[in-house]
Amino acid sequence: MTNNHEAHAPSGRPPGSTSGAADVPPITLRSPAELADALPYMLGFHPTDSLVMVAVHGEGGRFGGRLRVGIPAGPEEWEDTARQVAECLVGGSRRRGVKPDGIVVFLCQDPRGEENGHHVMTRLRPLAQRIRLACGALDVPVLEALCLSAGRYWSYCCPDERCCPAQGSVLAAPGTSVMAAAATFAGLQVRGSLREIERRLSPLRGTVADEMERALDRTATALVPKILDGATREEVGAETVRLARTLMRRMTLALPAETGPAADDWDDALLGHDEAASLILGLQDREIRDVAAEWMENEEAGPALRLWRALARRCVGAYGEHAAAPLTLAGWVSWSTGDEPTARIALGLALRADGEYRFAQLLHHACNEGIDPEGLRQCLREERRRREPRRGRLSAAVRRDVTRPPGRRTRTTRREPGRTAGSEQ
């Protein structure tokens, strides 16, 4: 790497986090090859069509904040993009009291049409140069800028053909590097590619999408007047919550045999068009959405996340903006359960669906700033206890009963047939 700079990859605990995998000793990255190999582990996924910037701090080159945006399609946007991303990363670091001592830049894009990786690298070189100038204007040097394409990487900063040949260098096979071993030890994982994660949250297509849009039209015709009528709004809200809980129980009882897209197909088959339409429209009410946000931990988190993903895929056609609610809920559950990479992607998609969606804005900012989600979790728990006092009393009784010596069970925690302590009422 140019000027023999070294960078230290983060340990198993991300910056600003108070929970997660155990800390491991930092890994020193001394070459473009090692930087390129570390990128998916820093993000939690393989970036596709992405500009990634990582702040570097101190003489040892410790990695800090990171930023990812899509690469603008037109070169006419590159100047503004370079300035904005530089100001965003450097400004965010300064707000946290740690101005970067340098920045590492990654441009990741697959070839298009008749292109090969070298063509991509050449085409994106002006963008890399603009980013270097924008960072330099903020008195923060770009220590390394890499292009990753077609299984190879190129350095825009290193002129040494011995380590950075003009034809590029082959990326290490997944899971074969020191960084991969350290990440595995720390409990970190790469959750596929950005494109694959986004696909799980993107609208359905084809005949099923046409059928779903017709269901949304029918439901909107029947439901929207009720939502607008203050006298029936509470009734619609209660029915939406009951339906959501019913569908979560259905998903709990019908676990998919596989993971990934195959699991999504399974969940889509569990969800009727009219059910999905009623829930999508009901979640447009902020109060109903806030109740749904309470299902973010323990045994509720898994089925809730499956449901929110399935609903996001059902926001088709003219109802694309309605996806902001289920996407935000999917992002919140992911963040709450420790999956920050997926959370950022889901929240970014929510803002793409509706840039003014306030809940998504707040969560996206908090997640990117490394704020601990426990504060919001605690607020939602308190709100739930206020709204469901009987549930709170029953949960407290169960906790007292668990601490009693054997043989001193009380009638307080007797369970009715078919019902478990603390079940939803």
# chains A, B, ... in the order shown; residues from 1 in each chain; ligands from 1
call {"tool": "closest_atom_pairs", "arguments": {"of": "segment 192-226 of chain A", "to": "segment 42-63 of chain A", "cutoff": "10 Å", "atoms": "only C-alpha atoms", "output": "tab-separated table"}}
result
residue	atom	partner	partner_atom	distance
A:Gly192	CA	A:Phe45	CA	5.4
A:Ser193	CA	A:His46	CA	4.2
A:Leu194	CA	A:Pro47	CA	5.2
A:Arg195	CA	A:Thr48	CA	6.4
A:Glu196	CA	A:His46	CA	9.3
A:Ile197	CA	A:Phe45	CA	8.6
call {"tool": "write_last_selection", "arguments": {"atoms": "N, CA and C atoms", "output": "PDB file, in the first residue's frame"}}
result
ATOM      1  N   GLY A 192     -23.995 -12.472   2.842  1.00  0.00           N
ATOM      2  CA  GLY A 192     -24.240 -12.440   1.409  1.00  0.00           C
ATOM      3  C   GLY A 192     -23.882 -11.094   0.830  1.00  0.00           C
ATOM      4  N   SER A 193     -24.406 -10.821  -0.346  1.00  0.00           N
ATOM      5  CA  SER A 193     -24.107  -9.555  -1.010  1.00  0.00           C
ATOM      6  C   SER A 193     -25.190  -8.532  -0.725  1.00  0.00           C
ATOM      7  N   LEU A 194     -24.838  -7.282  -0.935  1.00  0.00           N
ATOM      8  CA  LEU A 194     -25.818  -6.206  -0.783  1.00  0.00           C
ATOM      9  C   LEU A 194     -27.021  -6.458  -1.679  1.00  0.00           C
ATOM     10  N   ARG A 195     -26.767  -6.893  -2.914  1.00  0.00           N
ATOM     11  CA  ARG A 195     -27.857  -7.135  -3.845  1.00  0.00           C
ATOM     12  C   ARG A 195     -28.798  -8.230  -3.333  1.00  0.00           C
ATOM     13  N   GLU A 196     -28.230  -9.267  -2.739  1.00  0.00           N
ATOM     14  CA  GLU A 196     -29.058 -10.362  -2.222  1.00  0.00           C
ATOM     15  C   GLU A 196     -29.915  -9.910  -1.045  1.00  0.00           C
ATOM     16  N   ILE A 197     -29.340  -9.108  -0.150  1.00  0.00           N
ATOM     17  CA  ILE A 197     -30.106  -8.615   0.997  1.00  0.00           C
ATOM     18  C   ILE A 197     -31.224  -7.688   0.529  1.00  0.00           C
TER      19      ILE A 197
END
call {"tool": "residues_around", "arguments": {"residues": "Lys226 of chain A", "least_positions_apart": "3", "cutoff": "12 Å", "atoms": "only C-alpha atoms", "output": "list in words"}}
result
Thr219, Ala220, Thr221, Ala222, Leu223, Asp229, Gly230, Ala231, Thr232, Arg233, Glu234, Glu235, Val236, Gly237, Glu239, Leu281, Gly282 and Asp285 of chain A
call {"tool": "closest_residue", "arguments": {"among": "A:Ala325, A:Leu376, A:Val140, A:Ala293", "to": "Glu356 of chain A", "atoms": "only C-alpha atoms"}}
result
A:Ala325
call {"tool": "residues_around", "arguments": {"residues": "segment 150-163 of chain A", "least_positions_apart": "6", "cutoff": "9 Å", "atoms": "only C-alpha atoms", "output": "count of residues only"}}
result
24
call {"tool": "residues_around", "arguments": {"residues": "segment 207-218 of chain A", "least_positions_apart": "6", "cutoff": "8 Å", "atoms": "only C-alpha atoms", "output": "PyMOL selection string"}}
result
chain A and resi 273-274+277-278+314-319
call {"tool": "closest_residue", "arguments": {"among": "A:Leu327, A:Val85, A:Leu283, A:Ala312", "to": "Leu243 of chain A", "atoms": "only C-alpha atoms"}}
result
A:Leu283
call {"tool": "select_by_dssp", "arguments": {"residues": "segment 109-297 of chain A", "states": "strand (DSSP E or B)", "output": "ChimeraX atom specification"}}
result
/A:142-149,152-155,169-170,193
call {"tool": "select_by_dssp", "arguments": {"residues": "segment 34-71 of chain A", "states": "alpha helix (DSSP H)", "output": "list in words"}}
result
Glu34, Leu35, Ala36, Asp37, Ala38, Leu39, Pro40, Tyr41, Met42 and Leu43 of chain A
call {"tool": "atom_distance", "arguments": {"atom1": "atom CA of Trp266 of chain A", "atom2": "atom CA of Leu347 of chain A"}}
result
23.8 Å
call {"tool": "atom_distance", "arguments": {"atom1": "atom CA of Arg96 of chain A", "atom2": "atom CA of Gly370 of chain A"}}
result
10.3 Å
call {"tool": "residues_around", "arguments": {"residues": "segment 333-343 of chain A", "least_positions_apart": "6", "cutoff": "9 Å", "atoms": "only C-alpha atoms", "output": "count of residues only"}}
result
26
call {"tool": "residues_around", "arguments": {"residues": "Arg249 of chain A", "least_positions_apart": "2", "cutoff": "12 Å", "atoms": "only C-alpha atoms", "output": "PDB file with N, CA and C atoms, in the first residue's frame"}}
result
ATOM      1  N   ARG A 242     -54.349  -7.415  15.969  1.00  0.00           N
ATOM      2  CA  ARG A 242     -54.762  -8.819  16.079  1.00  0.00           C
ATOM      3  C   ARG A 242     -54.321  -9.617  14.864  1.00  0.00           C
ATOM      4  N   LEU A 243     -54.472  -9.035  13.686  1.00  0.00           N
ATOM      5  CA  LEU A 243     -54.081  -9.734  12.466  1.00  0.00           C
ATOM      6  C   LEU A 243     -52.563  -9.961  12.437  1.00  0.00           C
ATOM      7  N   ALA A 244     -51.802  -8.948  12.827  1.00  0.00           N
ATOM      8  CA  ALA A 244     -50.347  -9.105  12.841  1.00  0.00           C
ATOM      9  C   ALA A 244     -49.926 -10.217  13.785  1.00  0.00           C
ATOM     10  N   ARG A 245     -50.536 -10.274  14.949  1.00  0.00           N
ATOM     11  CA  ARG A 245     -50.195 -11.331  15.904  1.00  0.00           C
ATOM     12  C   ARG A 245     -50.600 -12.701  15.370  1.00  0.00           C
ATOM     13  N   THR A 246     -51.735 -12.761  14.697  1.00  0.00           N
ATOM     14  CA  THR A 246     -52.162 -14.029  14.101  1.00  0.00           C
ATOM     15  C   THR A 246     -51.144 -14.514  13.075  1.00  0.00           C
ATOM     16  N   LEU A 247     -50.674 -13.611  12.227  1.00  0.00           N
ATOM     17  CA  LEU A 247     -49.717 -13.994  11.191  1.00  0.00           C
ATOM     18  C   LEU A 247     -48.356 -14.352  11.794  1.00  0.00           C
ATOM     19  N   MET A 251     -46.433 -17.944  11.390  1.00  0.00           N
ATOM     20  CA  MET A 251     -45.049 -18.118  10.974  1.00  0.00           C
ATOM     21  C   MET A 251     -44.236 -18.861  12.025  1.00  0.00           C
ATOM     22  N   THR A 252     -44.564 -18.654  13.295  1.00  0.00           N
ATOM     23  CA  THR A 252     -43.876 -19.384  14.354  1.00  0.00           C
ATOM     24  C   THR A 252     -44.125 -20.880  14.243  1.00  0.00           C
ATOM     25  N   LEU A 253     -45.341 -21.250  13.883  1.00  0.00           N
ATOM     26  CA  LEU A 253     -45.711 -22.668  13.788  1.00  0.00           C
ATOM     27  C   LEU A 253     -45.277 -23.299  12.473  1.00  0.00           C
ATOM     28  N   ALA A 254     -44.915 -22.479  11.496  1.00  0.00           N
ATOM     29  CA  ALA A 254     -44.531 -23.005  10.178  1.00  0.00           C
ATOM     30  C   ALA A 254     -43.140 -22.494   9.827  1.00  0.00           C
ATOM     31  N   LEU A 255     -42.144 -23.102  10.436  1.00  0.00           N
ATOM     32  CA  LEU A 255     -40.764 -22.675  10.181  1.00  0.00           C
ATOM     33  C   LEU A 255     -40.307 -23.161   8.809  1.00  0.00           C
ATOM     34  N   LEU A 270     -47.350 -18.325   3.001  1.00  0.00           N
ATOM     35  CA  LEU A 270     -48.144 -18.335   4.238  1.00  0.00           C
ATOM     36  C   LEU A 270     -49.067 -17.128   4.356  1.00  0.00           C
ATOM     37  N   LEU A 271     -48.838 -16.142   3.507  1.00  0.00           N
ATOM     38  CA  LEU A 271     -49.497 -14.848   3.665  1.00  0.00           C
ATOM     39  C   LEU A 271     -50.460 -14.604   2.510  1.00  0.00           C
ATOM     40  N   GLU A 299     -38.709 -14.146  21.802  1.00  0.00           N
ATOM     41  CA  GLU A 299     -39.337 -15.055  20.842  1.00  0.00           C
ATOM     42  C   GLU A 299     -40.168 -14.328  19.796  1.00  0.00           C
ATOM     43  N   GLU A 300     -40.447 -13.052  20.001  1.00  0.00           N
ATOM     44  CA  GLU A 300     -41.246 -12.307  19.035  1.00  0.00           C
ATOM     45  C   GLU A 300     -40.419 -11.785  17.857  1.00  0.00           C
ATOM     46  N   ALA A 301     -39.129 -11.592  18.063  1.00  0.00           N
ATOM     47  CA  ALA A 301     -38.310 -10.916  17.052  1.00  0.00           C
ATOM     48  C   ALA A 301     -38.253 -11.691  15.740  1.00  0.00           C
ATOM     49  N   GLY A 302     -38.024 -13.003  15.799  1.00  0.00           N
ATOM     50  CA  GLY A 302     -37.881 -13.799  14.581  1.00  0.00           C
ATOM     51  C   GLY A 302     -39.104 -13.757  13.684  1.00  0.00           C
ATOM     52  N   PRO A 303     -40.292 -14.139  14.204  1.00  0.00           N
ATOM     53  CA  PRO A 303     -41.479 -14.080  13.342  1.00  0.00           C
ATOM     54  C   PRO A 303     -41.852 -12.668  12.922  1.00  0.00           C
ATOM     55  N   ALA A 304     -41.575 -11.672  13.778  1.00  0.00           N
ATOM     56  CA  ALA A 304     -41.866 -10.286  13.388  1.00  0.00           C
ATOM     57  C   ALA A 304     -41.016  -9.887  12.189  1.00  0.00           C
ATOM     58  N   ARG A 306     -39.671 -11.812   9.904  1.00  0.00           N
ATOM     59  CA  ARG A 306     -40.169 -12.529   8.722  1.00  0.00           C
ATOM     60  C   ARG A 306     -41.424 -11.842   8.179  1.00  0.00           C
ATOM     61  N   LEU A 307     -42.304 -11.412   9.070  1.00  0.00           N
ATOM     62  CA  LEU A 307     -43.541 -10.766   8.634  1.00  0.00           C
ATOM     63  C   LEU A 307     -43.256  -9.423   7.981  1.00  0.00           C
ATOM     64  N   SER A 423     -48.567 -14.831  27.801  1.00  0.00           N
ATOM     65  CA  SER A 423     -49.032 -14.836  26.437  1.00  0.00           C
ATOM     66  C   SER A 423     -49.808 -13.583  26.122  1.00  0.00           C
ATOM     67  N   GLU A 424     -49.907 -13.260  24.851  1.00  0.00           N
ATOM     68  CA  GLU A 424     -50.616 -12.056  24.428  1.00  0.00           C
ATOM     69  C   GLU A 424     -52.103 -12.214  24.699  1.00  0.00           C
TER      70      GLU A 424
END
call {"tool": "closest_residue", "arguments": {"among": "A:Leu351, A:Leu148, A:Ala137, A:Ile131", "to": "Cys108 of chain A", "atoms": "only C-alpha atoms"}}
result
A:Leu148
call {"tool": "atom_distance", "arguments": {"atom1": "atom CA of Ala73 of chain A", "atom2": "atom CA of Glu87 of chain A"}}
result
20.7 Å
call {"tool": "decode", "arguments": {"residues": "segment 283-308 of chain A", "atoms": "C-alpha atoms", "output": "compact mmCIF listing (two decimals), in the first residue's frame"}}
result
# COMPACT_ATOMS: atom_id res chain seq x y z
CA LEU A 283 -49.36 0.02 9.52
CA GLN A 284 -49.55 3.42 7.85
CA ASP A 285 -51.04 4.64 11.13
CA ARG A 286 -48.17 5.79 13.35
CA GLU A 287 -49.71 4.54 16.59
CA ILE A 288 -50.29 1.06 15.17
CA ARG A 289 -46.75 0.98 13.79
CA ASP A 290 -45.39 1.94 17.22
CA VAL A 291 -47.22 -1.00 18.80
CA ALA A 292 -45.70 -3.30 16.17
CA ALA A 293 -42.24 -1.90 16.96
CA GLU A 294 -42.53 -3.44 20.43
CA TRP A 295 -42.04 -6.93 18.98
CA MET A 296 -38.30 -6.53 18.73
CA GLU A 297 -36.76 -9.11 21.05
CA ASN A 298 -36.96 -12.61 22.50
CA GLU A 299 -39.34 -15.06 20.84
CA GLU A 300 -41.25 -12.31 19.03
CA ALA A 301 -38.31 -10.92 17.05
CA GLY A 302 -37.88 -13.80 14.58
CA PRO A 303 -41.48 -14.08 13.34
CA ALA A 304 -41.87 -10.29 13.39
CA LEU A 305 -38.85 -9.86 11.10
CA ARG A 306 -40.17 -12.53 8.72
CA LEU A 307 -43.54 -10.77 8.63
CA TRP A 308 -42.11 -7.29 8.01
